[in-house]
Amino acid sequence: MVDLALRMLLHDRLRFAITVSGVAFAVVLILSQVGLFLGLLSNSSVIVRHLPAELWVTSRNTPNVDFAQAFPEAYVNRVRSIPGVLRADNLIVTFMNIDLPSGATEGTVTYALEDFAAWGLPWQLESGDAGDLRRGDYLITDASAVRRLGPFQTGDYRQVQGLRMRYAGRSLGATSFTTTPVSFMDYRLAQKLNSNLLEGNTTYILVRAAPGADLAALKAEIQRRLPHNDVYTRDEWAGRSDGYWIRNTGIGLNAYLTVFLGLLVGVVIVAQTLYTSTMDHLKEFGTVKAIGGANADIYRILARQATVAAVLGFAIGALATLAMAPGVAAAGLHLVLPLPVWIAVGAGTLAMCLLSAGVSFHKVAGIDPGLVFRS
Amino acid sequence: MPVLEALDIVKDYQEGRDRTRILHGIRLALEPGEVVALQGPSGSGKTTLLQILGCILTPTGGSVRVQGEAAQGRPAVLASLRQRHIGFVFQQYNLFPALTALENVQYALQVKGHRGPGLRAQALGWIEQMGLGDRAHYLPRDLSGGQKQRVAIARAMAGNPAALLADEPTANLDSQAGQQVLQLFRRLAREQGRAVLIVTHDPQVRAVADRVLSIRDGRIHA
């Protein structure tokens, strides 16, 4: 079979290259922005999603996991007494100051538990042992903190809230939305270091349900027994934390705007190049009609050209985005692009190109095959 | 039965607020195996008549029959008649520049609904009949004017149409190439029984035409 659509595209290689570049540019713009957006969002709730707690008890109206507020730690006993609760523990999330060798002071968002092993936190260690956190004035800080805290190793000493502490290890993958370094320390030590706020208080209760327990009923019962707190499932709480940053920082609007602009750029470039190509080939389309072709034959040619531009542009754009990933990581950010995003952007690219071809459809629908008789 | 038959064709064009009559009651029949030349000055209506006979334009009045079928109705009906019964040859060749000579013919077969593994061989057969077997894989830009026109004729022949309609097919050719093209038309009419209508200013056409019709001011003078 002779593929006139493809042959026409390849016959004018410069125009074809411009069309594909336009699509690829739009794809890179959309994928990188969506990837960065999801990367930042994943930071905001990465610890929530890794903790095996089905339910989170928070103080009333806590907006996100980093901005915790204190409530009495004894509430945990009310939760433990509820049938269907397998385990419930206090978790403190609080900001602390860490003095750097440079003389500067940085903040660290600190997660404190009595039994880290029971909750699998931190879930990945580059070095050290989380069990050491129980042994005294130790902390574990995430390796990503190097950008903010400077180089540090397991065994190094730092002053935290005025207390000389030693690194018991370096974790991996524990991040916060604001890029504030994440640290882990013993629950009682955290209370001692922030005693004015945390003495006798906690900031969260983590709840693991017994196998077969009705999670909705359990949640309702905890809420009934702790009427001045909020109770969330893990997904609700992660979603609330993500939603806070989306709504309050403009990051969501920025992402939507960039996706829209990417689509707009793609549509304009593809529509413009396909339209001028159509105009240049009007006589050929007229010939197709004169030898017995219908409008549908010409629509098929244009749709195929748009599809080829979409597939090639998407492939190039996707590869370029993947090639950007190491550079993005070096800047302390990361691209999160799950399969549904690839599928959505791929389908969106195809739709964008076909939509752009629609302008040309309109033009060729009115072609008079008689134009082939004009010299 | 005539391959093409025009009965009292009238064609009007709107020019601003005025309506201009281009064709005035044309009657014409094209028989199988016949070469008819249509001559006339510019603006006499010969190309308009060719387009009406070729089911590209619809007449304001009168009717056209192609192989006994009335050429009227929706554009798709006219396109179907063009597909099945009519081949066009144009002054400017109108070959697809991105396709080789062979592919130009093969693509015409595809447009006319032909499918299957024999398509390429069929297209090559037409190219060889035009004496261009050694140029089958050349792009149009690498062919001379005469060769392009022969490829255009091969493309017009794709699908075995009963009628060939040619619009100034020799206008861009030197006299030798023009003579070759006209002889080709004659051969196709004589050997394959096709009806050929050639609109031309070329006086050489008299040597190959069975009939020469003259059109002036939208009226045919035999």
# chains A, B, ... in the order shown; residues from 1 in each chain; ligands from 1
$ interface_residues --of "chain B" --to "chain A" --cutoff "10 Å" --atoms "only C-alpha atoms" --output "PyMOL selection string"
chain B and resi 47-48+50-52+54-57+75-76+78-99+102-113+115-117+119-120+155-156+158+166-168
$ residues_around --residues "Gly107 in chain A" --least-positions-apart "5" --cutoff "8 Å" --atoms "only C-alpha atoms" --output "ChimeraX atom specification"
/A:95-98,180-181
$ write_last_selection --atoms "N, CA and C atoms" --output "PDB file, in the first residue's frame"
ATOM      1  N   PHE A  95       9.118  20.966  64.588  1.00  0.00           N
ATOM      2  CA  PHE A  95      10.305  21.632  64.043  1.00  0.00           C
ATOM      3  C   PHE A  95      11.352  21.799  65.134  1.00  0.00           C
ATOM      4  N   MET A  96      12.607  21.587  64.770  1.00  0.00           N
ATOM      5  CA  MET A  96      13.709  21.821  65.701  1.00  0.00           C
ATOM      6  C   MET A  96      14.813  22.557  64.964  1.00  0.00           C
ATOM      7  N   ASN A  97      15.632  23.246  65.720  1.00  0.00           N
ATOM      8  CA  ASN A  97      16.765  23.961  65.126  1.00  0.00           C
ATOM      9  C   ASN A  97      18.021  23.121  65.258  1.00  0.00           C
ATOM     10  N   ILE A  98      18.792  23.135  64.199  1.00  0.00           N
ATOM     11  CA  ILE A  98      20.036  22.370  64.203  1.00  0.00           C
ATOM     12  C   ILE A  98      21.172  23.333  63.847  1.00  0.00           C
ATOM     13  N   THR A 180      12.466  21.249  53.847  1.00  0.00           N
ATOM     14  CA  THR A 180      13.088  21.259  55.176  1.00  0.00           C
ATOM     15  C   THR A 180      13.568  19.832  55.480  1.00  0.00           C
ATOM     16  N   PRO A 181      14.831  19.672  55.934  1.00  0.00           N
ATOM     17  CA  PRO A 181      15.342  18.321  56.179  1.00  0.00           C
ATOM     18  C   PRO A 181      14.480  17.566  57.190  1.00  0.00           C
TER      19      PRO A 181
END
$ select_by_dssp --residues "chain B" --states "alpha helix (DSSP H)" --output "PyMOL selection string"
chain B and resi 46-53+75-85+101-111+119-129+145-157+175-192
$ select_by_dssp --residues "chain B" --states "strand (DSSP E)" --output "NGL selection string"
:B and (4-15 or 18-30 or 35-39 or 61-66 or 69-70 or 86-89 or 163-167 or 195-199 or 211-216 or 219-221)
$ residues_around --residues "Asn229 in chain A" --least-positions-apart "6" --cutoff "8 Å" --atoms "only C-alpha atoms" --output "list in words"
Val57, Thr58, Ser59, Arg60 and Gln223 of chain A
$ closest_residue --among "B:Glu5, B:Asp217, B:Asp18, B:Asp134" --to "Pro32 in chain B" --atoms "only C-alpha atoms"
B:Glu5
$ residues_around --residues "Pro211 in chain A" --least-positions-apart "4" --cutoff "12 Å" --atoms "only C-alpha atoms" --output "short mmCIF file (atom, residue, chain, number, x, y, z; two decimals) with N, CA and C atoms, in the first residue's frame"
data_model
loop_
_atom_site.label_atom_id
_atom_site.label_comp_id
_atom_site.auth_asym_id
_atom_site.auth_seq_id
_atom_site.Cartn_x
_atom_site.Cartn_y
_atom_site.Cartn_z
N GLU A 54 -3.29 2.73 59.34
CA GLU A 54 -4.52 2.88 58.54
C GLU A 54 -5.27 4.13 58.93
N PRO A 83 -11.98 -1.87 70.69
CA PRO A 83 -11.86 -3.16 69.99
C PRO A 83 -11.62 -2.92 68.50
N GLY A 84 -10.73 -3.73 67.93
CA GLY A 84 -10.43 -3.56 66.51
C GLY A 84 -9.14 -2.79 66.29
N VAL A 85 -8.58 -2.21 67.37
CA VAL A 85 -7.29 -1.52 67.24
C VAL A 85 -6.19 -2.51 67.55
N LEU A 86 -5.33 -2.75 66.60
CA LEU A 86 -4.23 -3.69 66.81
C LEU A 86 -3.10 -3.01 67.56
N ARG A 87 -2.83 -1.77 67.16
CA ARG A 87 -1.75 -1.04 67.81
C ARG A 87 -2.02 0.45 67.63
N LEU A 215 -12.83 -0.62 59.09
CA LEU A 215 -12.06 0.63 59.24
C LEU A 215 -12.98 1.83 59.44
#
$ residues_around --residues "Thr349 in chain A" --least-positions-apart "2" --cutoff "9 Å" --atoms "only C-alpha atoms" --output "compact mmCIF listing (two decimals) with C-alpha atoms, in the first residue's frame"
# COMPACT_ATOMS: atom_id res chain seq x y z
CA VAL A 23 4.83 18.50 19.62
CA ALA A 26 4.77 20.70 24.28
CA VAL A 27 5.25 17.16 25.62
CA LEU A 263 -1.25 22.25 25.05
CA GLY A 266 1.36 22.32 20.78
CA ALA A 310 1.87 13.05 17.70
CA VAL A 311 3.55 9.65 18.11
CA GLY A 313 6.69 14.13 19.01
CA PHE A 314 5.55 12.26 22.10
CA ALA A 344 -2.84 10.64 29.75
CA VAL A 345 -0.13 12.82 28.18
CA GLY A 346 0.21 10.41 25.24
CA ALA A 347 -3.55 10.40 24.64
CA ALA A 351 -5.99 14.48 20.76
CA MET A 352 -4.10 17.78 20.50
CA CYS A 353 -2.68 16.86 17.08
CA LEU A 354 -6.01 15.59 15.75
$ residues_around --residues "Asp66 in chain A" --least-positions-apart "6" --cutoff "10 Å" --atoms "only C-alpha atoms" --output "list of chain:residue names"
A:Ser44, A:Ser45, A:Val93, A:Thr94, A:Phe95, A:Val109, A:Thr110, A:Tyr111, A:Ser176, A:Phe177, A:Thr178, A:Thr180, A:Ser241
$ write_last_selection --atoms "C-alpha atoms" --output "mmCIF file, in the first residue's frame"
data_model
loop_
_atom_site.group_PDB
_atom_site.id
_atom_site.type_symbol
_atom_site.label_atom_id
_atom_site.label_comp_id
_atom_site.auth_asym_id
_atom_site.auth_seq_id
_atom_site.Cartn_x
_atom_site.Cartn_y
_atom_site.Cartn_z
ATOM 1 C CA SER A 44 4.467 16.386 51.176
ATOM 2 C CA SER A 45 2.922 13.022 52.005
ATOM 3 C CA VAL A 93 6.167 15.816 64.358
ATOM 4 C CA THR A 94 7.839 19.066 65.308
ATOM 5 C CA PHE A 95 10.305 21.632 64.043
ATOM 6 C CA VAL A 109 11.148 18.632 60.767
ATOM 7 C CA THR A 110 11.523 15.845 63.315
ATOM 8 C CA TYR A 111 9.524 12.617 63.538
ATOM 9 C CA SER A 176 9.075 17.286 53.189
ATOM 10 C CA PHE A 177 7.193 19.541 50.796
ATOM 11 C CA THR A 178 9.137 22.615 51.901
ATOM 12 C CA THR A 180 13.088 21.259 55.176
ATOM 13 C CA SER A 241 -1.649 17.331 53.239
#
$ atom_distance --atom1 "CA of Ala74 in chain A" --atom2 "CA of Asp230 in chain A"
15.8 Å
$ residues_around --residues "Thr60 in chain B" --least-positions-apart "5" --cutoff "9 Å" --atoms "only C-alpha atoms" --output "PyMOL selection string"
chain B and resi 9-13
$ closest_residue --among "B:Val151, B:Lys46, B:Arg65, B:Gln39" --to "Asp8 in chain B" --atoms "only C-alpha atoms"
B:Arg65
